[in-house]
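Engineer: Data file work-v2.pdb (PDB, C-alpha atoms and all ligand atoms) is appended below.
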MODEL        1
ATOM      1  CA  MET A 213     -28.244  72.736   9.381  1.00  0.00           C
ATOM      2  CA  SER A 214     -25.541  70.620  10.915  1.00  0.00           C
ATOM      3  CA  TRP A 215     -23.418  68.121   8.925  1.00  0.00           C
ATOM      4  CA  PHE A 216     -25.040  65.011  10.423  1.00  0.00           C
ATOM      5  CA  CYS A 217     -28.590  65.827   9.329  1.00  0.00           C
ATOM      6  CA  LYS A 218     -29.165  64.732   5.769  1.00  0.00           C
ATOM      7  CA  PRO A 219     -32.303  66.108   4.152  1.00  0.00           C
ATOM      8  CA  SER A 220     -33.135  63.051   2.160  1.00  0.00           C
ATOM      9  CA  SER A 221     -35.467  60.044   2.254  1.00  0.00           C
ATOM     10  CA  VAL A 222     -32.481  57.698   1.789  1.00  0.00           C
ATOM     11  CA  PRO A 223     -31.425  56.359   5.168  1.00  0.00           C
ATOM     12  CA  LEU A 224     -27.914  57.092   6.264  1.00  0.00           C
ATOM     13  CA  TRP A 225     -26.939  53.369   6.559  1.00  0.00           C
ATOM     14  CA  ARG A 226     -27.636  52.853   2.847  1.00  0.00           C
ATOM     15  CA  ASP A 227     -25.072  55.490   1.986  1.00  0.00           C
ATOM     16  CA  GLU A 228     -22.480  53.879   4.222  1.00  0.00           C
ATOM     17  CA  PHE A 229     -23.250  50.281   3.264  1.00  0.00           C
ATOM     18  CA  PRO A 230     -24.305  50.397  -0.398  1.00  0.00           C
ATOM     19  CA  VAL A 231     -25.545  46.853  -0.805  1.00  0.00           C
ATOM     20  CA  PHE A 232     -27.751  46.299  -3.807  1.00  0.00           C
ATOM     21  CA  THR A 233     -29.439  42.969  -4.304  1.00  0.00           C
ATOM     22  CA  ALA A 234     -28.914  43.151  -8.035  1.00  0.00           C
ATOM     23  CA  GLY A 235     -25.183  43.353  -7.490  1.00  0.00           C
ATOM     24  CA  GLU A 236     -24.927  40.562  -4.949  1.00  0.00           C
ATOM     25  CA  ARG A 237     -24.582  37.823  -7.543  1.00  0.00           C
ATOM     26  CA  TYR A 238     -22.431  39.817  -9.894  1.00  0.00           C
ATOM     27  CA  VAL A 239     -19.033  38.233 -10.404  1.00  0.00           C
ATOM     28  CA  SER A 240     -16.514  40.292 -12.255  1.00  0.00           C
ATOM     29  CA  ARG A 241     -14.310  38.812 -14.946  1.00  0.00           C
ATOM     30  CA  ARG A 242     -11.304  39.372 -12.718  1.00  0.00           C
ATOM     31  CA  GLN A 243     -12.892  37.454  -9.823  1.00  0.00           C
ATOM     32  CA  PHE A 244     -13.913  34.628 -12.130  1.00  0.00           C
ATOM     33  CA  THR A 245     -10.417  34.385 -13.622  1.00  0.00           C
ATOM     34  CA  LYS A 246      -8.902  34.391 -10.151  1.00  0.00           C
ATOM     35  CA  PHE A 247     -11.247  31.596  -9.088  1.00  0.00           C
ATOM     36  CA  LEU A 248     -10.389  29.508 -12.161  1.00  0.00           C
ATOM     37  CA  THR A 249      -6.647  30.053 -11.698  1.00  0.00           C
ATOM     38  CA  LEU A 250      -6.681  29.081  -8.036  1.00  0.00           C
ATOM     39  CA  THR A 251      -8.887  26.054  -8.652  1.00  0.00           C
ATOM     40  CA  SER A 252      -6.682  24.870 -11.527  1.00  0.00           C
ATOM     41  CA  PHE A 253      -3.575  25.339  -9.421  1.00  0.00           C
ATOM     42  CA  GLY A 254      -5.130  23.355  -6.581  1.00  0.00           C
ATOM     43  CA  MET A 255      -6.051  20.529  -8.962  1.00  0.00           C
ATOM     44  CA  LEU A 256      -2.547  20.539 -10.437  1.00  0.00           C
ATOM     45  CA  VAL A 257      -0.957  20.263  -7.001  1.00  0.00           C
ATOM     46  CA  GLY A 258      -3.371  17.460  -6.046  1.00  0.00           C
ATOM     47  CA  ASN A 259      -2.620  15.487  -9.208  1.00  0.00           C
ATOM     48  CA  LEU A 260       1.129  15.900  -8.761  1.00  0.00           C
ATOM     49  CA  TRP A 261       0.809  14.597  -5.210  1.00  0.00           C
ATOM     50  CA  ILE A 262      -1.180  11.545  -6.392  1.00  0.00           C
ATOM     51  CA  LEU A 263       1.399  10.916  -9.127  1.00  0.00           C
ATOM     52  CA  ALA A 264       4.273  11.107  -6.648  1.00  0.00           C
ATOM     53  CA  GLN A 265       2.467   8.687  -4.309  1.00  0.00           C
ATOM     54  CA  SER A 266       1.840   6.150  -7.067  1.00  0.00           C
ATOM     55  CA  TRP A 267       5.462   6.334  -8.250  1.00  0.00           C
ATOM     56  CA  SER A 268       6.774   5.809  -4.752  1.00  0.00           C
ATOM     57  CA  ARG A 269       4.525   2.774  -4.237  1.00  0.00           C
ATOM     58  CA  ARG A 270       4.980   1.263  -7.672  1.00  0.00           C
ATOM     59  CA  ALA A 271       8.688   0.649  -7.479  1.00  0.00           C
ATOM     60  CA  PRO A 272       9.734  -0.271  -3.966  1.00  0.00           C
ATOM     61  CA  ALA A 273      13.442  -0.721  -3.649  1.00  0.00           C
ATOM     62  CA  TRP A 274      13.670  -4.325  -2.494  1.00  0.00           C
ATOM     63  CA  PRO A 275      16.835  -5.152  -0.600  1.00  0.00           C
ATOM     64  CA  ARG A 276      18.958  -8.112  -1.647  1.00  0.00           C
ATOM     65  CA  LEU A 277      19.343 -10.458   1.279  1.00  0.00           C
ATOM     66  CA  ARG A 278      21.397 -13.618   1.489  1.00  0.00           C
ATOM     67  CA  VAL A 279      19.019 -16.183   2.910  1.00  0.00           C
ATOM     68  CA  ALA A 280      20.973 -19.435   2.950  1.00  0.00           C
ATOM     69  CA  GLU A 281      23.630 -21.557   1.340  1.00  0.00           C
ATOM     70  CA  ALA A 282      21.926 -23.736  -1.261  1.00  0.00           C
ATOM     71  CA  ASP A 283      23.124 -27.004   0.262  1.00  0.00           C
ATOM     72  CA  GLU A 284      22.643 -25.913   3.839  1.00  0.00           C
ATOM     73  CA  ILE A 285      19.091 -27.292   3.919  1.00  0.00           C
ATOM     74  CA  ALA A 286      18.152 -30.910   3.263  1.00  0.00           C
ATOM     75  CA  VAL A 287      15.406 -31.718   0.758  1.00  0.00           C
ATOM     76  CA  GLY A 288      12.149 -31.148   2.618  1.00  0.00           C
ATOM     77  CA  GLY A 289      13.967 -28.962   5.113  1.00  0.00           C
ATOM     78  CA  VAL A 290      13.015 -25.479   6.217  1.00  0.00           C
ATOM     79  CA  LYS A 291      14.771 -22.292   7.180  1.00  0.00           C
ATOM     80  CA  THR A 292      13.133 -19.148   8.511  1.00  0.00           C
ATOM     81  CA  PHE A 293      14.386 -15.653   7.847  1.00  0.00           C
ATOM     82  CA  SER A 294      13.104 -12.071   7.814  1.00  0.00           C
ATOM     83  CA  TYR A 295      12.539 -10.117   4.623  1.00  0.00           C
ATOM     84  CA  PRO A 296      12.381  -7.270   3.625  1.00  0.00           C
ATOM     85  CA  THR A 297      12.512  -5.989   7.212  1.00  0.00           C
ATOM     86  CA  ALA A 298      13.165  -7.665  10.543  1.00  0.00           C
ATOM     87  CA  ALA A 299       9.421  -7.478  11.214  1.00  0.00           C
ATOM     88  CA  ASP A 300       8.536  -9.640   8.181  1.00  0.00           C
ATOM     89  CA  PRO A 301       9.085 -13.329   8.975  1.00  0.00           C
ATOM     90  CA  CYS A 302       9.480 -15.637   5.979  1.00  0.00           C
ATOM     91  CA  ILE A 303       9.902 -19.342   5.456  1.00  0.00           C
ATOM     92  CA  LEU A 304      12.158 -21.089   2.945  1.00  0.00           C
ATOM     93  CA  VAL A 305      11.550 -24.692   1.930  1.00  0.00           C
ATOM     94  CA  ARG A 306      13.791 -26.887  -0.181  1.00  0.00           C
ATOM     95  CA  THR A 307      11.247 -28.759  -2.271  1.00  0.00           C
ATOM     96  CA  GLY A 308      13.683 -30.759  -4.380  1.00  0.00           C
ATOM     97  CA  ALA A 309      17.340 -31.329  -5.081  1.00  0.00           C
ATOM     98  CA  ASP A 310      17.506 -28.046  -6.929  1.00  0.00           C
ATOM     99  CA  SER A 311      14.266 -26.234  -6.121  1.00  0.00           C
ATOM    100  CA  TYR A 312      13.441 -23.827  -3.336  1.00  0.00           C
ATOM    101  CA  VAL A 313      10.393 -21.760  -2.473  1.00  0.00           C
ATOM    102  CA  ALA A 314       9.988 -18.954   0.024  1.00  0.00           C
ATOM    103  CA  TYR A 315       6.877 -17.218   1.329  1.00  0.00           C
ATOM    104  CA  SER A 316       5.871 -14.786   3.965  1.00  0.00           C
ATOM    105  CA  GLN A 317       5.305 -16.684   7.164  1.00  0.00           C
ATOM    106  CA  LYS A 318       2.408 -14.481   8.235  1.00  0.00           C
ATOM    107  CA  CYS A 319      -0.946 -16.108   7.679  1.00  0.00           C
ATOM    108  CA  THR A 320      -3.115 -13.836   5.553  1.00  0.00           C
ATOM    109  CA  HIS A 321      -6.040 -14.367   7.920  1.00  0.00           C
ATOM    110  CA  LEU A 322      -4.890 -12.986  11.271  1.00  0.00           C
ATOM    111  CA  SER A 323      -1.092 -13.101  10.940  1.00  0.00           C
ATOM    112  CA  CYS A 324      -0.299 -16.257  12.895  1.00  0.00           C
ATOM    113  CA  ALA A 325       2.935 -17.925  11.804  1.00  0.00           C
ATOM    114  CA  VAL A 326       2.430 -20.689   9.260  1.00  0.00           C
ATOM    115  CA  TYR A 327       4.698 -23.752   9.257  1.00  0.00           C
ATOM    116  CA  TYR A 328       5.596 -26.348   6.663  1.00  0.00           C
ATOM    117  CA  GLU A 329       3.823 -29.676   7.147  1.00  0.00           C
ATOM    118  CA  LYS A 330       6.132 -32.063   5.331  1.00  0.00           C
ATOM    119  CA  ALA A 331       3.804 -35.087   5.483  1.00  0.00           C
ATOM    120  CA  ARG A 332       1.073 -33.183   3.602  1.00  0.00           C
ATOM    121  CA  ASN A 333       3.462 -30.970   1.634  1.00  0.00           C
ATOM    122  CA  ARG A 334       1.630 -27.748   2.493  1.00  0.00           C
ATOM    123  CA  PHE A 335       1.797 -24.779   4.821  1.00  0.00           C
ATOM    124  CA  GLU A 336      -0.494 -24.911   7.789  1.00  0.00           C
ATOM    125  CA  CYS A 337      -1.679 -22.222  10.141  1.00  0.00           C
ATOM    126  CA  PRO A 338      -2.318 -23.583  13.635  1.00  0.00           C
ATOM    127  CA  CYS A 339      -4.660 -20.783  14.696  1.00  0.00           C
ATOM    128  CA  HIS A 340      -7.741 -21.588  12.583  1.00  0.00           C
ATOM    129  CA  GLN A 341      -6.622 -24.472  10.390  1.00  0.00           C
ATOM    130  CA  GLY A 342      -5.771 -22.429   7.322  1.00  0.00           C
ATOM    131  CA  PHE A 343      -3.836 -24.416   4.719  1.00  0.00           C
ATOM    132  CA  PHE A 344      -1.762 -23.052   1.840  1.00  0.00           C
ATOM    133  CA  SER A 345      -0.277 -24.671  -1.253  1.00  0.00           C
ATOM    134  CA  ILE A 346       3.478 -24.944  -1.346  1.00  0.00           C
ATOM    135  CA  ALA A 347       3.413 -24.601  -5.136  1.00  0.00           C
ATOM    136  CA  ASP A 348       2.040 -21.065  -5.275  1.00  0.00           C
ATOM    137  CA  GLY A 349       0.972 -20.095  -1.763  1.00  0.00           C
ATOM    138  CA  SER A 350      -2.726 -20.207  -2.663  1.00  0.00           C
ATOM    139  CA  VAL A 351      -5.342 -21.009  -0.038  1.00  0.00           C
ATOM    140  CA  LEU A 352      -6.301 -24.679   0.070  1.00  0.00           C
ATOM    141  CA  GLN A 353      -8.652 -24.538   3.027  1.00  0.00           C
ATOM    142  CA  GLY A 354      -9.725 -22.435   5.979  1.00  0.00           C
ATOM    143  CA  PRO A 355     -10.634 -18.840   6.650  1.00  0.00           C
ATOM    144  CA  PRO A 356      -7.780 -17.046   4.821  1.00  0.00           C
ATOM    145  CA  ARG A 357      -8.921 -15.346   1.619  1.00  0.00           C
ATOM    146  CA  ARG A 358      -5.545 -14.354   0.203  1.00  0.00           C
ATOM    147  CA  ALA A 359      -2.525 -16.372  -0.808  1.00  0.00           C
ATOM    148  CA  LEU A 360       0.768 -16.147   1.041  1.00  0.00           C
ATOM    149  CA  PRO A 361       3.006 -13.504  -0.569  1.00  0.00           C
ATOM    150  CA  ARG A 362       5.887 -15.204  -2.367  1.00  0.00           C
ATOM    151  CA  VAL A 363       9.489 -14.180  -1.862  1.00  0.00           C
ATOM    152  CA  ALA A 364      11.403 -14.307  -5.140  1.00  0.00           C
ATOM    153  CA  LEU A 365      14.769 -16.021  -4.855  1.00  0.00           C
ATOM    154  CA  GLU A 366      17.856 -15.749  -6.970  1.00  0.00           C
ATOM    155  CA  ARG A 367      20.670 -18.249  -7.059  1.00  0.00           C
ATOM    156  CA  ALA A 368      24.097 -16.656  -6.953  1.00  0.00           C
ATOM    157  CA  GLY A 369      26.761 -19.311  -6.910  1.00  0.00           C
ATOM    158  CA  GLY A 370      25.969 -21.459  -3.936  1.00  0.00           C
ATOM    159  CA  GLN A 371      23.803 -18.869  -2.255  1.00  0.00           C
ATOM    160  CA  LEU A 372      20.093 -18.150  -2.213  1.00  0.00           C
ATOM    161  CA  ILE A 373      19.291 -14.447  -2.331  1.00  0.00           C
ATOM    162  CA  ALA A 374      15.875 -12.934  -1.612  1.00  0.00           C
ATOM    163  CA  ILE A 375      15.295 -10.206  -4.187  1.00  0.00           C
ATOM    164  CA  ARG A 376      11.678  -9.077  -3.763  1.00  0.00           C
ATOM    165  CA  VAL A 377       8.212  -9.940  -2.494  1.00  0.00           C
ATOM    166  CA  GLU A 378       5.963 -10.759  -5.404  1.00  0.00           C
ATOM    167  CA  ALA A 379       2.407  -9.655  -5.802  1.00  0.00           C
ATOM    168  CA  GLU A 380      -0.167 -11.893  -4.294  1.00  0.00           C
ATOM    169  CA  ASN A 381      -1.019 -14.998  -6.288  1.00  0.00           C
ATOM    170  CA  ALA A 382      -4.776 -14.983  -6.609  1.00  0.00           C
TER     171      ALA A 382
HETATM  172  S1  LIG A 401      -4.666 -16.780  11.545  1.00  0.00           S
HETATM  173 FE1  LIG A 401      -4.230 -18.327  10.117  1.00  0.00          FE
HETATM  174  S2  LIG A 401      -6.110 -19.247   9.767  1.00  0.00           S
HETATM  175 FE2  LIG A 401      -6.556 -17.673  11.144  1.00  0.00          FE
ENDMDL
END
Rewrite the structure from the file as structure tokens, please.
Structural biologist:
Amino acid sequence: MSWFCKPSSVPLWRDEFPVFTAGERYVSRRQFTKFLTLTSFGMLVGNLWILAQSWSRRAPAWPRLRVAEADEIAVGGVKTFSYPTAADPCILVRTGADSYVAYSQKCTHLSCAVYYEKARNRFECPCHQGFFSIADGSVLQGPPRRALPRVALERAGGQLIAIRVEAENA
């Protein structure tokens, strides 16, 4: 008898590919431990990434920018500037002898530039008649749903310094 003829009822393929249905779902302790370790490691890496993202967003490093000399603007006068980047137009208004407010100049509806309407003492957006309060930037009328972001100012001697953009006033 030659070596390739096997005198058995078991087919040759079953010897070469010993697949048993009972063993298909068997997971060894080693495989299970490996699965748990890899899954835990993946979750750890994911959580560290989320943590790093939230830290980087929570504390933006706001630049300090000299905006104007305090007496450079008359009461009721306006000066525009960009903060925190050149692509962020802002508007500064002197509301009283010793009071100033500054807001982002981008309308929160579709980003048209708002202007200060002195006669009505409010910010107005010419695109769709959106009006904002000068006191806190809140929406008085029109399609905008969010207030204008406020730029916090600091007085240093005779200068007005922009120090950060504050969270939206509801
Ligand atoms: S863009 Fe200002 S109201 Fe629409």
Engineer: With the file shown as input, list the residues that the PyMOL selection byres (((not hetatm)) within 9 of (chain A and resi 401)) selects, as a list of chain:residue names.
Structural biologist: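 Evaluating the PyMOL selection byres (((not hetatm)) within 9 of (chain A and resi 401)) on these coordinates yields A:Lys318, A:Cys319, A:Thr320, A:His321, A:Leu322, A:Ser323, A:Cys324, A:Ala325, A:Val326, A:Glu336, A:Cys337, A:Pro338, A:Cys339, A:His340, A:Gln341, A:Gly342, A:Phe343, A:Gln353, A:Gly354, A:Pro355, A:Pro356.
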Engineer: Limited to C-alpha atoms, could you put the picked residues into a file as a compact mmCIF listing (two decimals), keeping the file's coordinate frame?
Structural biologist:
# COMPACT_ATOMS: atom_id res chain seq x y z
CA LYS A 318 2.41 -14.48 8.24
CA CYS A 319 -0.95 -16.11 7.68
CA THR A 320 -3.12 -13.84 5.55
CA HIS A 321 -6.04 -14.37 7.92
CA LEU A 322 -4.89 -12.99 11.27
CA SER A 323 -1.09 -13.10 10.94
CA CYS A 324 -0.30 -16.26 12.90
CA ALA A 325 2.94 -17.92 11.80
CA VAL A 326 2.43 -20.69 9.26
CA GLU A 336 -0.49 -24.91 7.79
CA CYS A 337 -1.68 -22.22 10.14
CA PRO A 338 -2.32 -23.58 13.64
CA CYS A 339 -4.66 -20.78 14.70
CA HIS A 340 -7.74 -21.59 12.58
CA GLN A 341 -6.62 -24.47 10.39
CA GLY A 342 -5.77 -22.43 7.32
CA PHE A 343 -3.84 -24.42 4.72
CA GLN A 353 -8.65 -24.54 3.03
CA GLY A 354 -9.72 -22.44 5.98
CA PRO A 355 -10.63 -18.84 6.65
CA PRO A 356 -7.78 -17.05 4.82
Engineer: For Val363 (chain A), list every protein, DNA or RNA residue within 12 Å, evaluated using all atoms listed in the file, and leave out those in the same chain fewer than 4 positions away; present the list as a PyMOL selection string.
Structural biologist: chain A and resi 274-277+279+293-296+300-305+312-317+348-349+372-381
Engineer: Of the candidates A:Phe244, A:Leu260, A:Trp267, A:Ile346, which one gets nearest to Arg362 (chain A) if we count all atoms listed in the file?
Structural biologist: A:Ile346
Engineer: Would you mind reading off the distance between CA of Ala309 (chain A) and CA of Gln371 (chain A), one decimal, in Å?
Structural biologist: 14.3 Å
Engineer: In Å, how far is it from CA of Val222 (chain A) to CA of Tyr238 (chain A)?
Structural biologist: 23.6 Å
Engineer: Separation of CA of Val287 (chain A) and CA of Val351 (chain A), in Å?
Structural biologist: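 Distance reported for this atom pair: 23.4 Å.
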Engineer: Taking the file as shown, find all residues satisfying the PyMOL selection byres (((chain A and resi 283) around 12) and not hetatm) and write them as a PyMOL selection string.
Structural biologist: chain A and resi 279-282+284-291+305-306+308-312+367+369-372
